[in-house]
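J.: First, the structure itself, so that you have it in front of you.
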Amino acid sequence: MATHLITGAGSGIGAAVARRLHERGDDLILFARDAGRARELASAFPGARTLVGDLANPDRLSWALAQQTLPDRLDSLLHIAGVVDLGAVGDLTPKSWHHQLSVNLIAPAELTRLLLPQLRASHGQVIFVNSGAGLSAHAEWGAYAASKHGLKALADALREEERANGLRVTSVYPGRTASPMQAKVHQQEGKEYDASRWIDPGSVATTVLAALDLPRDARIDDVTVRPGR
């Protein structure tokens, strides 16, 4: 039975991945921003463990994890949490830049650093659920795309650094996916949201599990998932 730590398991792609792994009996550690959210996740996924830490404040993650019991071994670390705040470069404030960079890039880097000993012990895998915005940037997506381009660079560097330790590192680049985040994006864009037009979170979860379950004689470094309609 494999042990997976998942951020963003409360909704969207993260929840879909957590459900698949929970249904097949894997051991889940779900990362929550506060104690209340941790209770909600524990109720939604009976038997799962939780860790509490605020991804918006990555400087405090080391302290937060030091107060809690970490697993001795971790088979995968799944970075799925993310935030988005659209706006033109001429309008976005430093607060918006800091928030998106902290949650989408710096926190994944810090969580990975803190959990590398456990991942090395299992010759495990780190999966970054990135975004199509991590490959190209469009108007009003500057801060979000910058955080996701940075996440690609983080994954690429980590892959090379940890190859000798037996770690696999995968970046998944979904297009627009039906989720609360996508509903927020449409609201910011001033557009009507129709979930049926976009990728089902379960389809992205299928991609994530394919990368996780791939035999160790191969690896998936990067995979793009686009809407099929």
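Identifiers in this document derive from the order of the structure tokens: chains are assigned A, B, ..., residues are numbered from 1 separately in each chain, and ligands are numbered from 1 in order of occurrence.
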Using only C-alpha atoms, which residues of stretch 44-91 of chain A come within 7 Å of stretch 1-7 of chain A, and what is the closest atom pair for each, with the distance in Å to one decimal? Give it as CSV, sorted by chain and residue number.

T.:
```
residue,atom,partner,partner_atom,distance
A:Leu74,CA,A:Thr3,CA,5.4
A:Asp75,CA,A:Thr3,CA,5.3
A:Ser76,CA,A:His4,CA,4.8
A:Leu77,CA,A:Leu5,CA,4.9
A:Leu78,CA,A:Ile6,CA,4.8
A:His79,CA,A:Thr7,CA,5.4
A:Ile80,CA,A:Thr7,CA,5.4
A:Ala81,CA,A:Thr7,CA,5.2
```

J.: With N, CA, C and O atoms retained, write the just-selected residues as a PDB file, in the first residue's frame.

T.:
```pdb
ATOM      1  N   LEU A  74       7.479   8.083   2.167  1.00  0.00           N
ATOM      2  CA  LEU A  74       6.444   8.703   1.361  1.00  0.00           C
ATOM      3  C   LEU A  74       6.665   8.294  -0.085  1.00  0.00           C
ATOM      4  O   LEU A  74       7.736   8.519  -0.646  1.00  0.00           O
ATOM      5  N   ASP A  75       5.646   7.672  -0.682  1.00  0.00           N
ATOM      6  CA  ASP A  75       5.793   7.187  -2.055  1.00  0.00           C
ATOM      7  C   ASP A  75       5.551   8.275  -3.087  1.00  0.00           C
ATOM      8  O   ASP A  75       6.121   8.215  -4.179  1.00  0.00           O
ATOM      9  N   SER A  76       4.708   9.239  -2.757  1.00  0.00           N
ATOM     10  CA  SER A  76       4.518  10.337  -3.699  1.00  0.00           C
ATOM     11  C   SER A  76       4.096  11.595  -2.971  1.00  0.00           C
ATOM     12  O   SER A  76       3.446  11.556  -1.920  1.00  0.00           O
ATOM     13  N   LEU A  77       4.488  12.717  -3.565  1.00  0.00           N
ATOM     14  CA  LEU A  77       4.066  14.042  -3.130  1.00  0.00           C
ATOM     15  C   LEU A  77       3.366  14.675  -4.321  1.00  0.00           C
ATOM     16  O   LEU A  77       3.975  14.871  -5.384  1.00  0.00           O
ATOM     17  N   LEU A  78       2.081  14.987  -4.154  1.00  0.00           N
ATOM     18  CA  LEU A  78       1.256  15.482  -5.248  1.00  0.00           C
ATOM     19  C   LEU A  78       0.883  16.934  -4.982  1.00  0.00           C
ATOM     20  O   LEU A  78       0.055  17.227  -4.112  1.00  0.00           O
ATOM     21  N   HIS A  79       1.509  17.833  -5.730  1.00  0.00           N
ATOM     22  CA  HIS A  79       1.241  19.257  -5.588  1.00  0.00           C
ATOM     23  C   HIS A  79       0.086  19.626  -6.519  1.00  0.00           C
ATOM     24  O   HIS A  79       0.271  19.763  -7.733  1.00  0.00           O
ATOM     25  N   ILE A  80      -1.109  19.797  -5.955  1.00  0.00           N
ATOM     26  CA  ILE A  80      -2.286  20.077  -6.781  1.00  0.00           C
ATOM     27  C   ILE A  80      -2.959  21.393  -6.388  1.00  0.00           C
ATOM     28  O   ILE A  80      -3.652  22.000  -7.197  1.00  0.00           O
ATOM     29  N   ALA A  81      -2.731  21.880  -5.194  1.00  0.00           N
ATOM     30  CA  ALA A  81      -3.335  23.144  -4.760  1.00  0.00           C
ATOM     31  C   ALA A  81      -2.837  24.299  -5.621  1.00  0.00           C
ATOM     32  O   ALA A  81      -1.707  24.289  -6.119  1.00  0.00           O
TER      33      ALA A  81
END
```

J.: Rank nothing, just name the residue among A:Gln187, A:Gln182, A:Asp213, A:Val83 nearest to A:Lys148, using only C-alpha atoms.

T.: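 Distance minimum relative to A:Lys148 lands on A:Val83.
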
J.: When DSSP works through the backbone of this structure, what residues of stretch 2-207 of chain A end up as strand (DSSP E), shown as a ChimeraX atom specification?

T.: /A:3-7,27-32,49-52,76-79,125-129,168-174

J.: Please provide as a ChimeraX atom specification all residues within 10 Å of A:Gly47, with the sequence filter that same-chain residues fewer than 2 positions apart are discarded (counting only C-alpha atoms).

T.: /A:22,25,27-29,42-45,49-50

J.: List every residue of stretch 35-174 of chain A that DSSP, applied to the backbone of this structure, places in helix (DSSP H, G or I), and write the result as a ChimeraX atom specification.

T.: /A:35-44,58-66,94-122,132-134,142-165

J.: May I have the residues within 8 Å of stretch 123-137 of chain A as JSON, numbers by chain, using only C-alpha atoms and disregarding those fewer than 6 positions away in the same chain?

T.: {"A": [74, 75, 76, 77, 78, 79, 80, 144, 145, 146, 147, 148, 149, 150, 151, 152, 155, 165, 166, 167, 168, 169, 170, 171, 172, 173, 174, 175, 176, 208, 212, 224]}

J.: Work out how far atom CA of A:Ala18 is from atom CA of A:His186, in Å to one decimal.

T.: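 Going from atom CA of A:His186 over to atom CA of A:Ala18, I get 25.3 Å.
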
J.: Applying 6 Å and only C-alpha atoms, which residues near stretch 101-113 of chain A remain after dropping the ones on its own chain fewer than 2 positions away? List them as a ChimeraX atom specification.

T.: /A:55-56,58,82,98-99,115-116,147,151

J.: Would you kindly return, as a ChimeraX atom specification, each protein, DNA or RNA residue with an atom no farther than 8 Å from any atom of A:Val52, considering only C-alpha atoms and excluding same-chain residues fewer than 5 positions away?

T.: /A:31-35,38,64-65

J.: Could you check which of A:Ser179, A:Pro201, A:Ala153, A:Ser196 is closest to A:Asp222, using only C-alpha atoms?

T.: A:Ala153
